[in-house]
Amino acid sequence: MEVRAIFDEISEELRIESEFKLLLELNLTPLTHILDIMHHHMNLLHHSNPSQFDSHLTSIGSHYQTLCSHLTTLYSTPQLSQLQFKFYFILQPHFQSLSYLLILTHFFKHNTLLPYSSLSTLSSIQSHLSSSPNQQPPSPPITQSPTSTESILCIPIEAYLIGICSCINEMTRLGMNRVINGDLEFIKNAIPFASDVYASFQLLNLKNDAIRRKFDAMKYDIRKLEQIQFDLIVRKLLPST
């Protein structure tokens with residue numbers, strides 16, 4: 001093959017990738033917007049009294065249908081299954097943000113960790129969101145094309161793990177603010193959950209990367225939660241265990 005022909009092929013590949021990047025960023029814009037709105041409602045949880053807490057959770061759940069719609073649009077982007085890992089740096093913040101929001105809201109409702117299987121593919125996320133008790137109104141099922149996107153990897157496992165770490169980190173700030181607003185039950189539920197997550201994380205063979213650094217910081221987050229619990233027990237606001 002002639003040198004000119006080789007570079008013609010490279011030029012065409014670069015053109016395709018450039019067009020894909022622009023289309024990907026365009027499809028990410030509405031997803032970014034809905035995630036920002038959900039983060040806004042999540043921040044309101046910090047300063048709400050116990051009677052308002054559930055209403056703010058319901059507000060987060062009310063955006064699930066729109067979130068499903070935007071995810072469907074995103075995963076209908078041509079060539080996404082082939083090129084998403086090459087452009088992971090664009091998708092990574094959205095993956096991590098989505099993981100964090102869904103893991104934390106799941107904890108609020110069930111006091112358990114959301115399984116990775118609920119986030120790993122587009123169809124599993126759709127199923128999880130549509131089964132949420134706070135979703136208003138129920139989300140219709142995603143209509144799959146002949147080249148179904150249902151098995152496309154949606155949330156990489158690295159983003160899921162970072163989402164867990166972000167969730168524990170947020171619990172530290174949330175724990176203090178929930179106590180200030182009279183919600184002592186949060187601390188009683190958060191510490192066993194965070195401790196269990198930390199112990200389970202130790203089973204992973206983590207490299208010296210972003211996940212490892214997030215994990216190393218987790219023990220300090222748990223220590224802060226335990227300090228809040230200790231102060232409450234000393235003041236006889238919580239029973240000693």
# chains A, B, ... in the order shown; residues from 1 in each chain; ligands from 1
call {"tool": "select_by_dssp", "arguments": {"residues": "segment 2-225 of chain A", "states": "alpha helix (DSSP H)", "output": "ChimeraX atom specification"}}
result
/A:3-44,50-61,64-74,80-83,88-110,122-130,157-180,185-201,210-225
call {"tool": "residues_around", "arguments": {"residues": "Ile162 of chain A", "least_positions_apart": "3", "cutoff": "12 Å", "atoms": "only C-alpha atoms", "output": "PDB file with all heavy atoms, in the first residue's frame"}}
result
ATOM      1  N   GLN A  92     -16.285   9.430  31.605  1.00  0.00           N
ATOM      2  CA  GLN A  92     -15.945   9.051  32.976  1.00  0.00           C
ATOM      3  C   GLN A  92     -16.647   9.885  34.046  1.00  0.00           C
ATOM      4  O   GLN A  92     -17.230   9.316  34.980  1.00  0.00           O
ATOM      5  CB  GLN A  92     -14.425   9.118  33.172  1.00  0.00           C
ATOM      6  CG  GLN A  92     -13.963   8.690  34.559  1.00  0.00           C
ATOM      7  CD  GLN A  92     -12.456   8.796  34.704  1.00  0.00           C
ATOM      8  OE1 GLN A  92     -11.809   9.570  34.007  1.00  0.00           O
ATOM      9  NE2 GLN A  92     -11.892   8.016  35.606  1.00  0.00           N
ATOM     10  N   PRO A  93     -16.638  11.227  33.968  1.00  0.00           N
ATOM     11  CA  PRO A  93     -17.313  12.003  35.031  1.00  0.00           C
ATOM     12  C   PRO A  93     -18.801  11.693  35.123  1.00  0.00           C
ATOM     13  O   PRO A  93     -19.367  11.685  36.231  1.00  0.00           O
ATOM     14  CB  PRO A  93     -17.067  13.460  34.610  1.00  0.00           C
ATOM     15  CG  PRO A  93     -15.879  13.414  33.706  1.00  0.00           C
ATOM     16  CD  PRO A  93     -15.985  12.111  32.990  1.00  0.00           C
ATOM     17  N   HIS A  94     -19.449  11.427  33.996  1.00  0.00           N
ATOM     18  CA  HIS A  94     -20.878  11.120  33.998  1.00  0.00           C
ATOM     19  C   HIS A  94     -21.132   9.736  34.589  1.00  0.00           C
ATOM     20  O   HIS A  94     -22.086   9.537  35.343  1.00  0.00           O
ATOM     21  CB  HIS A  94     -21.432  11.203  32.573  1.00  0.00           C
ATOM     22  CG  HIS A  94     -21.269  12.558  31.948  1.00  0.00           C
ATOM     23  ND1 HIS A  94     -20.078  12.974  31.394  1.00  0.00           N
ATOM     24  CD2 HIS A  94     -22.145  13.588  31.797  1.00  0.00           C
ATOM     25  CE1 HIS A  94     -20.220  14.198  30.925  1.00  0.00           C
ATOM     26  NE2 HIS A  94     -21.462  14.589  31.159  1.00  0.00           N
ATOM     27  N   PHE A  95     -20.275   8.773  34.246  1.00  0.00           N
ATOM     28  CA  PHE A  95     -20.385   7.436  34.819  1.00  0.00           C
ATOM     29  C   PHE A  95     -20.265   7.495  36.342  1.00  0.00           C
ATOM     30  O   PHE A  95     -21.057   6.884  37.075  1.00  0.00           O
ATOM     31  CB  PHE A  95     -19.282   6.517  34.272  1.00  0.00           C
ATOM     32  CG  PHE A  95     -19.483   6.092  32.846  1.00  0.00           C
ATOM     33  CD1 PHE A  95     -18.385   5.841  32.027  1.00  0.00           C
ATOM     34  CD2 PHE A  95     -20.745   5.919  32.314  1.00  0.00           C
ATOM     35  CE1 PHE A  95     -18.560   5.427  30.709  1.00  0.00           C
ATOM     36  CE2 PHE A  95     -20.930   5.512  31.007  1.00  0.00           C
ATOM     37  CZ  PHE A  95     -19.836   5.270  30.203  1.00  0.00           C
ATOM     38  N   GLN A  96     -19.257   8.211  36.828  1.00  0.00           N
ATOM     39  CA  GLN A  96     -19.011   8.290  38.264  1.00  0.00           C
ATOM     40  C   GLN A  96     -20.142   9.022  38.978  1.00  0.00           C
ATOM     41  O   GLN A  96     -20.570   8.621  40.066  1.00  0.00           O
ATOM     42  CB  GLN A  96     -17.670   8.974  38.524  1.00  0.00           C
ATOM     43  CG  GLN A  96     -16.478   8.174  38.036  1.00  0.00           C
ATOM     44  CD  GLN A  96     -15.161   8.915  38.180  1.00  0.00           C
ATOM     45  OE1 GLN A  96     -15.123  10.033  38.693  1.00  0.00           O
ATOM     46  NE2 GLN A  96     -14.083   8.321  37.721  1.00  0.00           N
ATOM     47  N   SER A  97     -20.619  10.108  38.382  1.00  0.00           N
ATOM     48  CA  SER A  97     -21.711  10.882  38.972  1.00  0.00           C
ATOM     49  C   SER A  97     -22.986  10.051  39.051  1.00  0.00           C
ATOM     50  O   SER A  97     -23.683  10.045  40.076  1.00  0.00           O
ATOM     51  CB  SER A  97     -21.958  12.152  38.150  1.00  0.00           C
ATOM     52  OG  SER A  97     -23.025  12.901  38.674  1.00  0.00           O
ATOM     53  N   LEU A  98     -23.299   9.333  37.972  1.00  0.00           N
ATOM     54  CA  LEU A  98     -24.488   8.486  37.953  1.00  0.00           C
ATOM     55  C   LEU A  98     -24.377   7.370  38.992  1.00  0.00           C
ATOM     56  O   LEU A  98     -25.341   7.088  39.727  1.00  0.00           O
ATOM     57  CB  LEU A  98     -24.679   7.902  36.550  1.00  0.00           C
ATOM     58  CG  LEU A  98     -25.885   6.993  36.335  1.00  0.00           C
ATOM     59  CD1 LEU A  98     -27.190   7.731  36.654  1.00  0.00           C
ATOM     60  CD2 LEU A  98     -25.918   6.470  34.903  1.00  0.00           C
ATOM     61  N   SER A  99     -23.205   6.739  39.081  1.00  0.00           N
ATOM     62  CA  SER A  99     -22.998   5.683  40.074  1.00  0.00           C
ATOM     63  C   SER A  99     -23.218   6.221  41.482  1.00  0.00           C
ATOM     64  O   SER A  99     -23.934   5.621  42.296  1.00  0.00           O
ATOM     65  CB  SER A  99     -21.583   5.107  39.958  1.00  0.00           C
ATOM     66  OG  SER A  99     -21.389   4.471  38.726  1.00  0.00           O
ATOM     67  N   TYR A 100     -22.584   7.344  41.767  1.00  0.00           N
ATOM     68  CA  TYR A 100     -22.683   7.937  43.101  1.00  0.00           C
ATOM     69  C   TYR A 100     -24.135   8.245  43.477  1.00  0.00           C
ATOM     70  O   TYR A 100     -24.592   7.895  44.576  1.00  0.00           O
ATOM     71  CB  TYR A 100     -21.832   9.206  43.132  1.00  0.00           C
ATOM     72  CG  TYR A 100     -22.266  10.240  44.131  1.00  0.00           C
ATOM     73  CD1 TYR A 100     -22.021  10.073  45.497  1.00  0.00           C
ATOM     74  CD2 TYR A 100     -22.928  11.386  43.717  1.00  0.00           C
ATOM     75  CE1 TYR A 100     -22.431  11.024  46.416  1.00  0.00           C
ATOM     76  CE2 TYR A 100     -23.337  12.343  44.628  1.00  0.00           C
ATOM     77  CZ  TYR A 100     -23.081  12.161  45.973  1.00  0.00           C
ATOM     78  OH  TYR A 100     -23.490  13.102  46.873  1.00  0.00           O
ATOM     79  N   LEU A 101     -24.874   8.865  42.574  1.00  0.00           N
ATOM     80  CA  LEU A 101     -26.260   9.235  42.861  1.00  0.00           C
ATOM     81  C   LEU A 101     -27.133   8.005  43.112  1.00  0.00           C
ATOM     82  O   LEU A 101     -27.924   7.965  44.067  1.00  0.00           O
ATOM     83  CB  LEU A 101     -26.832  10.055  41.712  1.00  0.00           C
ATOM     84  CG  LEU A 101     -26.356  11.507  41.603  1.00  0.00           C
ATOM     85  CD1 LEU A 101     -26.770  12.102  40.262  1.00  0.00           C
ATOM     86  CD2 LEU A 101     -26.927  12.337  42.752  1.00  0.00           C
ATOM     87  N   ILE A 103     -26.182   4.892  43.907  1.00  0.00           N
ATOM     88  CA  ILE A 103     -25.747   4.130  45.086  1.00  0.00           C
ATOM     89  C   ILE A 103     -26.241   4.797  46.368  1.00  0.00           C
ATOM     90  O   ILE A 103     -26.747   4.132  47.284  1.00  0.00           O
ATOM     91  CB  ILE A 103     -24.207   3.989  45.106  1.00  0.00           C
ATOM     92  CG1 ILE A 103     -23.749   3.063  43.978  1.00  0.00           C
ATOM     93  CG2 ILE A 103     -23.728   3.446  46.449  1.00  0.00           C
ATOM     94  CD1 ILE A 103     -22.246   3.072  43.752  1.00  0.00           C
ATOM     95  N   ILE A 155     -22.035   1.284  32.926  1.00  0.00           N
ATOM     96  CA  ILE A 155     -21.163   1.827  33.961  1.00  0.00           C
ATOM     97  C   ILE A 155     -19.961   0.898  34.136  1.00  0.00           C
ATOM     98  O   ILE A 155     -20.113  -0.217  34.633  1.00  0.00           O
ATOM     99  CB  ILE A 155     -21.906   1.956  35.309  1.00  0.00           C
ATOM    100  CG1 ILE A 155     -23.157   2.810  35.165  1.00  0.00           C
ATOM    101  CG2 ILE A 155     -20.966   2.536  36.369  1.00  0.00           C
ATOM    102  CD1 ILE A 155     -22.895   4.257  34.849  1.00  0.00           C
ATOM    103  N   PRO A 156     -18.765   1.321  33.729  1.00  0.00           N
ATOM    104  CA  PRO A 156     -17.580   0.475  33.958  1.00  0.00           C
ATOM    105  C   PRO A 156     -17.383   0.242  35.453  1.00  0.00           C
ATOM    106  O   PRO A 156     -17.752   1.079  36.282  1.00  0.00           O
ATOM    107  CB  PRO A 156     -16.438   1.314  33.365  1.00  0.00           C
ATOM    108  CG  PRO A 156     -17.104   2.235  32.398  1.00  0.00           C
ATOM    109  CD  PRO A 156     -18.447   2.540  32.975  1.00  0.00           C
ATOM    110  N   ILE A 157     -16.791  -0.864  35.787  1.00  0.00           N
ATOM    111  CA  ILE A 157     -16.650  -1.229  37.193  1.00  0.00           C
ATOM    112  C   ILE A 157     -15.782  -0.228  37.949  1.00  0.00           C
ATOM    113  O   ILE A 157     -15.982   0.015  39.146  1.00  0.00           O
ATOM    114  CB  ILE A 157     -16.093  -2.670  37.319  1.00  0.00           C
ATOM    115  CG1 ILE A 157     -16.330  -3.192  38.735  1.00  0.00           C
ATOM    116  CG2 ILE A 157     -14.621  -2.741  36.928  1.00  0.00           C
ATOM    117  CD1 ILE A 157     -16.172  -4.688  38.864  1.00  0.00           C
ATOM    118  N   GLU A 158     -14.828   0.408  37.262  1.00  0.00           N
ATOM    119  CA  GLU A 158     -13.999   1.418  37.920  1.00  0.00           C
ATOM    120  C   GLU A 158     -14.843   2.604  38.366  1.00  0.00           C
ATOM    121  O   GLU A 158     -14.661   3.137  39.467  1.00  0.00           O
ATOM    122  CB  GLU A 158     -12.886   1.900  36.978  1.00  0.00           C
ATOM    123  CG  GLU A 158     -11.850   0.845  36.636  1.00  0.00           C
ATOM    124  CD  GLU A 158     -12.283  -0.033  35.464  1.00  0.00           C
ATOM    125  OE1 GLU A 158     -13.412   0.164  34.951  1.00  0.00           O
ATOM    126  OE2 GLU A 158     -11.491  -0.920  35.078  1.00  0.00           O
ATOM    127  N   ALA A 159     -15.788   3.021  37.515  1.00  0.00           N
ATOM    128  CA  ALA A 159     -16.662   4.134  37.864  1.00  0.00           C
ATOM    129  C   ALA A 159     -17.589   3.749  39.018  1.00  0.00           C
ATOM    130  O   ALA A 159     -17.907   4.581  39.875  1.00  0.00           O
ATOM    131  CB  ALA A 159     -17.475   4.572  36.647  1.00  0.00           C
ATOM    132  N   CYS A 165     -16.926   4.994  46.739  1.00  0.00           N
ATOM    133  CA  CYS A 165     -16.042   5.818  47.578  1.00  0.00           C
ATOM    134  C   CYS A 165     -16.611   7.223  47.754  1.00  0.00           C
ATOM    135  O   CYS A 165     -16.567   7.784  48.864  1.00  0.00           O
ATOM    136  CB  CYS A 165     -14.650   5.889  46.954  1.00  0.00           C
ATOM    137  SG  CYS A 165     -13.769   4.310  46.887  1.00  0.00           S
ATOM    138  N   SER A 166     -17.158   7.792  46.692  1.00  0.00           N
ATOM    139  CA  SER A 166     -17.757   9.129  46.772  1.00  0.00           C
ATOM    140  C   SER A 166     -18.975   9.117  47.690  1.00  0.00           C
ATOM    141  O   SER A 166     -19.234  10.089  48.414  1.00  0.00           O
ATOM    142  CB  SER A 166     -18.157   9.619  45.378  1.00  0.00           C
ATOM    143  OG  SER A 166     -17.035   9.721  44.531  1.00  0.00           O
ATOM    144  N   CYS A 167     -19.713   8.023  47.651  1.00  0.00           N
ATOM    145  CA  CYS A 167     -20.881   7.864  48.514  1.00  0.00           C
ATOM    146  C   CYS A 167     -20.475   7.881  49.988  1.00  0.00           C
ATOM    147  O   CYS A 167     -21.094   8.583  50.801  1.00  0.00           O
ATOM    148  CB  CYS A 167     -21.600   6.570  48.165  1.00  0.00           C
ATOM    149  SG  CYS A 167     -23.000   6.163  49.232  1.00  0.00           S
ATOM    150  N   ILE A 168     -19.438   7.141  50.348  1.00  0.00           N
ATOM    151  CA  ILE A 168     -18.968   7.114  51.738  1.00  0.00           C
ATOM    152  C   ILE A 168     -18.445   8.483  52.147  1.00  0.00           C
ATOM    153  O   ILE A 168     -18.696   8.960  53.262  1.00  0.00           O
ATOM    154  CB  ILE A 168     -17.868   6.052  51.926  1.00  0.00           C
ATOM    155  CG1 ILE A 168     -18.376   4.659  51.520  1.00  0.00           C
ATOM    156  CG2 ILE A 168     -17.367   6.048  53.363  1.00  0.00           C
ATOM    157  CD1 ILE A 168     -19.544   4.153  52.321  1.00  0.00           C
ATOM    158  N   ASN A 169     -17.741   9.145  51.251  1.00  0.00           N
ATOM    159  CA  ASN A 169     -17.230  10.484  51.536  1.00  0.00           C
ATOM    160  C   ASN A 169     -18.367  11.468  51.789  1.00  0.00           C
ATOM    161  O   ASN A 169     -18.306  12.299  52.700  1.00  0.00           O
ATOM    162  CB  ASN A 169     -16.356  10.962  50.376  1.00  0.00           C
ATOM    163  CG  ASN A 169     -15.834  12.369  50.591  1.00  0.00           C
ATOM    164  OD1 ASN A 169     -16.361  13.328  50.039  1.00  0.00           O
ATOM    165  ND2 ASN A 169     -14.798  12.493  51.388  1.00  0.00           N
ATOM    166  N   PHE A 201     -13.927  -3.832  50.510  1.00  0.00           N
ATOM    167  CA  PHE A 201     -12.967  -3.237  49.571  1.00  0.00           C
ATOM    168  C   PHE A 201     -11.583  -3.849  49.741  1.00  0.00           C
ATOM    169  O   PHE A 201     -10.809  -3.953  48.781  1.00  0.00           O
ATOM    170  CB  PHE A 201     -12.889  -1.720  49.792  1.00  0.00           C
ATOM    171  CG  PHE A 201     -13.383  -0.903  48.631  1.00  0.00           C
ATOM    172  CD1 PHE A 201     -14.670  -0.408  48.618  1.00  0.00           C
ATOM    173  CD2 PHE A 201     -12.555  -0.615  47.557  1.00  0.00           C
ATOM    174  CE1 PHE A 201     -15.138   0.349  47.565  1.00  0.00           C
ATOM    175  CE2 PHE A 201     -13.000   0.140  46.493  1.00  0.00           C
ATOM    176  CZ  PHE A 201     -14.294   0.627  46.489  1.00  0.00           C
ATOM    177  N   ASP A 209      -3.746   3.606  41.958  1.00  0.00           N
ATOM    178  CA  ASP A 209      -4.420   4.473  40.999  1.00  0.00           C
ATOM    179  C   ASP A 209      -5.480   5.277  41.734  1.00  0.00           C
ATOM    180  O   ASP A 209      -5.474   5.374  42.965  1.00  0.00           O
ATOM    181  CB  ASP A 209      -5.042   3.645  39.873  1.00  0.00           C
ATOM    182  CG  ASP A 209      -5.981   2.551  40.391  1.00  0.00           C
ATOM    183  OD1 ASP A 209      -6.281   2.552  41.609  1.00  0.00           O
ATOM    184  OD2 ASP A 209      -6.423   1.715  39.589  1.00  0.00           O
ATOM    185  N   ALA A 210      -6.410   5.889  40.969  1.00  0.00           N
ATOM    186  CA  ALA A 210      -7.427   6.746  41.573  1.00  0.00           C
ATOM    187  C   ALA A 210      -8.312   5.975  42.542  1.00  0.00           C
ATOM    188  O   ALA A 210      -8.675   6.495  43.608  1.00  0.00           O
ATOM    189  CB  ALA A 210      -8.274   7.388  40.474  1.00  0.00           C
ATOM    190  N   ILE A 211      -8.644   4.719  42.201  1.00  0.00           N
ATOM    191  CA  ILE A 211      -9.503   3.927  43.087  1.00  0.00           C
ATOM    192  C   ILE A 211      -8.780   3.643  44.398  1.00  0.00           C
ATOM    193  O   ILE A 211      -9.366   3.731  45.479  1.00  0.00           O
ATOM    194  CB  ILE A 211      -9.916   2.610  42.407  1.00  0.00           C
ATOM    195  CG1 ILE A 211     -10.661   2.879  41.096  1.00  0.00           C
ATOM    196  CG2 ILE A 211     -10.789   1.776  43.341  1.00  0.00           C
ATOM    197  CD1 ILE A 211     -11.003   1.636  40.316  1.00  0.00           C
ATOM    198  N   ARG A 212      -7.497   3.322  44.322  1.00  0.00           N
ATOM    199  CA  ARG A 212      -6.722   3.040  45.527  1.00  0.00           C
ATOM    200  C   ARG A 212      -6.666   4.267  46.436  1.00  0.00           C
ATOM    201  O   ARG A 212      -6.825   4.159  47.658  1.00  0.00           O
ATOM    202  CB  ARG A 212      -5.310   2.615  45.136  1.00  0.00           C
ATOM    203  CG  ARG A 212      -4.409   2.327  46.333  1.00  0.00           C
ATOM    204  CD  ARG A 212      -4.760   1.015  46.953  1.00  0.00           C
ATOM    205  NE  ARG A 212      -4.264   0.900  48.319  1.00  0.00           N
ATOM    206  CZ  ARG A 212      -4.272  -0.229  49.012  1.00  0.00           C
ATOM    207  NH1 ARG A 212      -4.736  -1.333  48.462  1.00  0.00           N
ATOM    208  NH2 ARG A 212      -3.829  -0.275  50.229  1.00  0.00           N
ATOM    209  N   ARG A 213      -6.449   5.443  45.852  1.00  0.00           N
ATOM    210  CA  ARG A 213      -6.383   6.672  46.648  1.00  0.00           C
ATOM    211  C   ARG A 213      -7.732   6.977  47.300  1.00  0.00           C
ATOM    212  O   ARG A 213      -7.797   7.416  48.445  1.00  0.00           O
ATOM    213  CB  ARG A 213      -5.910   7.830  45.775  1.00  0.00           C
ATOM    214  CG  ARG A 213      -4.453   7.701  45.328  1.00  0.00           C
ATOM    215  CD  ARG A 213      -3.950   8.957  44.679  1.00  0.00           C
ATOM    216  NE  ARG A 213      -4.607   9.215  43.404  1.00  0.00           N
ATOM    217  CZ  ARG A 213      -4.185   8.722  42.235  1.00  0.00           C
ATOM    218  NH1 ARG A 213      -3.121   7.940  42.188  1.00  0.00           N
ATOM    219  NH2 ARG A 213      -4.817   9.010  41.116  1.00  0.00           N
ATOM    220  N   LYS A 214      -8.809   6.753  46.551  1.00  0.00           N
ATOM    221  CA  LYS A 214     -10.154   6.966  47.115  1.00  0.00           C
ATOM    222  C   LYS A 214     -10.403   5.990  48.270  1.00  0.00           C
ATOM    223  O   LYS A 214     -10.982   6.349  49.298  1.00  0.00           O
ATOM    224  CB  LYS A 214     -11.204   6.753  46.027  1.00  0.00           C
ATOM    225  CG  LYS A 214     -11.216   7.824  44.946  1.00  0.00           C
ATOM    226  CD  LYS A 214     -12.117   8.971  45.337  1.00  0.00           C
ATOM    227  CE  LYS A 214     -12.317   9.926  44.186  1.00  0.00           C
ATOM    228  NZ  LYS A 214     -13.190  11.072  44.563  1.00  0.00           N
ATOM    229  N   PHE A 215      -9.974   4.753  48.068  1.00  0.00           N
ATOM    230  CA  PHE A 215     -10.159   3.741  49.112  1.00  0.00           C
ATOM    231  C   PHE A 215      -9.357   4.093  50.363  1.00  0.00           C
ATOM    232  O   PHE A 215      -9.849   3.963  51.490  1.00  0.00           O
ATOM    233  CB  PHE A 215      -9.749   2.373  48.579  1.00  0.00           C
ATOM    234  CG  PHE A 215      -9.565   1.334  49.657  1.00  0.00           C
ATOM    235  CD1 PHE A 215     -10.644   0.873  50.393  1.00  0.00           C
ATOM    236  CD2 PHE A 215      -8.301   0.811  49.936  1.00  0.00           C
ATOM    237  CE1 PHE A 215     -10.486  -0.089  51.380  1.00  0.00           C
ATOM    238  CE2 PHE A 215      -8.126  -0.141  50.918  1.00  0.00           C
ATOM    239  CZ  PHE A 215      -9.226  -0.587  51.642  1.00  0.00           C
ATOM    240  N   ASP A 216      -8.114   4.546  50.183  1.00  0.00           N
ATOM    241  CA  ASP A 216      -7.283   4.908  51.328  1.00  0.00           C
ATOM    242  C   ASP A 216      -7.909   6.035  52.137  1.00  0.00           C
ATOM    243  O   ASP A 216      -7.737   6.100  53.367  1.00  0.00           O
ATOM    244  CB  ASP A 216      -5.884   5.318  50.850  1.00  0.00           C
ATOM    245  CG  ASP A 216      -5.070   4.138  50.351  1.00  0.00           C
ATOM    246  OD1 ASP A 216      -5.420   2.991  50.703  1.00  0.00           O
ATOM    247  OD2 ASP A 216      -4.114   4.347  49.583  1.00  0.00           O
ATOM    248  N   ALA A 217      -8.627   6.942  51.455  1.00  0.00           N
ATOM    249  CA  ALA A 217      -9.276   8.060  52.160  1.00  0.00           C
ATOM    250  C   ALA A 217     -10.544   7.611  52.889  1.00  0.00           C
ATOM    251  O   ALA A 217     -11.012   8.313  53.799  1.00  0.00           O
ATOM    252  CB  ALA A 217      -9.614   9.170  51.170  1.00  0.00           C
ATOM    253  N   MET A 218     -11.066   6.451  52.523  1.00  0.00           N
ATOM    254  CA  MET A 218     -12.338   5.999  53.099  1.00  0.00           C
ATOM    255  C   MET A 218     -12.235   5.773  54.607  1.00  0.00           C
ATOM    256  O   MET A 218     -13.182   6.050  55.357  1.00  0.00           O
ATOM    257  CB  MET A 218     -12.801   4.714  52.400  1.00  0.00           C
ATOM    258  CG  MET A 218     -14.240   4.332  52.702  1.00  0.00           C
ATOM    259  SD  MET A 218     -14.697   2.711  52.015  1.00  0.00           S
ATOM    260  CE  MET A 218     -14.474   3.009  50.258  1.00  0.00           C
TER     261      MET A 218
END
call {"tool": "closest_residue", "arguments": {"among": "A:Cys154, A:Leu104, A:Ala5, A:Leu113", "to": "Tyr75 of chain A", "atoms": "only C-alpha atoms"}}
result
A:Cys154
call {"tool": "residues_around", "arguments": {"residues": "segment 226-237 of chain A", "least_positions_apart": "5", "cutoff": "8 Å", "atoms": "only C-alpha atoms", "output": "PyMOL selection string"}}
result
chain A and resi 175-176+187-188+191
call {"tool": "closest_residue", "arguments": {"among": "A:Ser240, A:Leu35, A:Ile10, A:His46", "to": "Leu67 of chain A", "atoms": "only C-alpha atoms"}}
result
A:Leu35
call {"tool": "residues_around", "arguments": {"residues": "Lys21 of chain A", "least_positions_apart": "4", "cutoff": "9 Å", "atoms": "only C-alpha atoms", "output": "ChimeraX atom specification"}}
result
/A:16-17,25-26,87,90
call {"tool": "write_last_selection", "arguments": {"atoms": "N, CA, C and O atoms", "output": "tab-separated table (two decimals), in the first residue's frame"}}
result
chain	number	residue	atom	x	y	z
A	16	ILE	N	-13.84	10.39	11.28
A	16	ILE	CA	-14.91	9.64	11.92
A	16	ILE	C	-14.89	9.84	13.44
A	16	ILE	O	-15.93	10.08	14.06
A	17	GLU	N	-13.69	9.78	14.01
A	17	GLU	CA	-13.57	9.95	15.46
A	17	GLU	C	-13.94	11.37	15.89
A	17	GLU	O	-14.55	11.57	16.94
A	25	GLU	N	-20.58	14.50	22.67
A	25	GLU	CA	-20.69	15.66	23.56
A	25	GLU	C	-22.08	16.29	23.45
A	25	GLU	O	-22.64	16.76	24.45
A	26	LEU	N	-22.64	16.29	22.26
A	26	LEU	CA	-23.99	16.83	22.07
A	26	LEU	C	-25.01	15.99	22.83
A	26	LEU	O	-25.91	16.53	23.49
A	87	PHE	N	-12.98	7.10	24.21
A	87	PHE	CA	-13.41	8.41	24.68
A	87	PHE	C	-13.91	8.33	26.12
A	87	PHE	O	-14.78	9.09	26.54
A	90	ILE	N	-14.20	11.42	28.38
A	90	ILE	CA	-15.38	12.28	28.27
A	90	ILE	C	-16.53	11.69	29.09
A	90	ILE	O	-17.27	12.40	29.77
call {"tool": "residues_around", "arguments": {"residues": "Thr112 of chain A", "least_positions_apart": "4", "cutoff": "9 Å", "atoms": "only C-alpha atoms", "output": "list in words"}}
result
Ile103, His106, Phe107, Phe108 and Phe193 of chain A
call {"tool": "residues_around", "arguments": {"residues": "Leu31 of chain A", "least_positions_apart": "5", "cutoff": "9 Å", "atoms": "only C-alpha atoms", "output": "compact mmCIF listing (two decimals) with all heavy atoms, in the first residue's frame"}}
result
# COMPACT_ATOMS: atom_id res chain seq x y z
N ASP A 36 -27.08 17.27 37.06
CA ASP A 36 -26.89 18.47 37.88
C ASP A 36 -28.13 18.75 38.72
O ASP A 36 -28.03 19.15 39.89
CB ASP A 36 -26.58 19.68 36.99
CG ASP A 36 -25.19 19.63 36.39
OD1 ASP A 36 -24.35 18.86 36.90
OD2 ASP A 36 -24.93 20.37 35.42
N THR A 66 -36.72 10.78 33.02
CA THR A 66 -35.94 11.62 32.11
C THR A 66 -34.52 11.09 31.98
O THR A 66 -33.94 11.09 30.89
CB THR A 66 -35.91 13.07 32.62
OG1 THR A 66 -37.24 13.51 32.86
CG2 THR A 66 -35.24 13.99 31.62
N LEU A 67 -33.96 10.63 33.08
CA LEU A 67 -32.61 10.06 33.06
C LEU A 67 -32.55 8.85 32.14
O LEU A 67 -31.61 8.71 31.34
CB LEU A 67 -32.19 9.69 34.48
CG LEU A 67 -30.81 9.06 34.66
CD1 LEU A 67 -29.72 10.03 34.23
CD2 LEU A 67 -30.60 8.64 36.12
N HIS A 70 -32.55 10.00 28.52
CA HIS A 70 -31.27 10.54 28.06
C HIS A 70 -30.21 9.45 27.90
O HIS A 70 -29.38 9.51 26.98
CB HIS A 70 -30.77 11.61 29.05
CG HIS A 70 -31.60 12.86 29.07
ND1 HIS A 70 -32.23 13.34 27.94
CD2 HIS A 70 -31.89 13.73 30.07
CE1 HIS A 70 -32.88 14.44 28.25
NE2 HIS A 70 -32.70 14.70 29.53
N LEU A 71 -30.24 8.45 28.78
CA LEU A 71 -29.31 7.34 28.64
C LEU A 71 -29.59 6.56 27.36
O LEU A 71 -28.66 6.12 26.67
CB LEU A 71 -29.40 6.40 29.85
CG LEU A 71 -28.75 6.89 31.14
CD1 LEU A 71 -29.09 5.95 32.29
CD2 LEU A 71 -27.24 6.98 30.98
N LEU A 74 -28.20 8.57 24.55
CA LEU A 74 -26.74 8.48 24.55
C LEU A 74 -26.27 7.16 23.96
O LEU A 74 -25.36 7.12 23.12
CB LEU A 74 -26.21 8.64 25.98
CG LEU A 74 -24.71 8.41 26.17
CD1 LEU A 74 -23.91 9.45 25.42
CD2 LEU A 74 -24.36 8.43 27.66
N HIS A 94 -19.45 11.43 34.00
CA HIS A 94 -20.88 11.12 34.00
C HIS A 94 -21.13 9.74 34.59
O HIS A 94 -22.09 9.54 35.34
CB HIS A 94 -21.43 11.20 32.57
CG HIS A 94 -21.27 12.56 31.95
ND1 HIS A 94 -20.08 12.97 31.39
CD2 HIS A 94 -22.14 13.59 31.80
CE1 HIS A 94 -20.22 14.20 30.92
NE2 HIS A 94 -21.46 14.59 31.16
call {"tool": "closest_residue", "arguments": {"among": "A:Leu14, A:Ser59, A:Lys86, A:Leu114", "to": "Leu45 of chain A", "atoms": "only C-alpha atoms"}}
result
A:Ser59
call {"tool": "atom_distance", "arguments": {"atom1": "atom CA of Leu204 of chain A", "atom2": "atom CA of Gln126 of chain A"}}
result
28.0 Å
call {"tool": "closest_residue", "arguments": {"among": "A:Ile6, A:Leu238, A:Leu57, A:Leu24", "to": "Thr73 of chain A", "atoms": "only C-alpha atoms"}}
result
A:Leu24
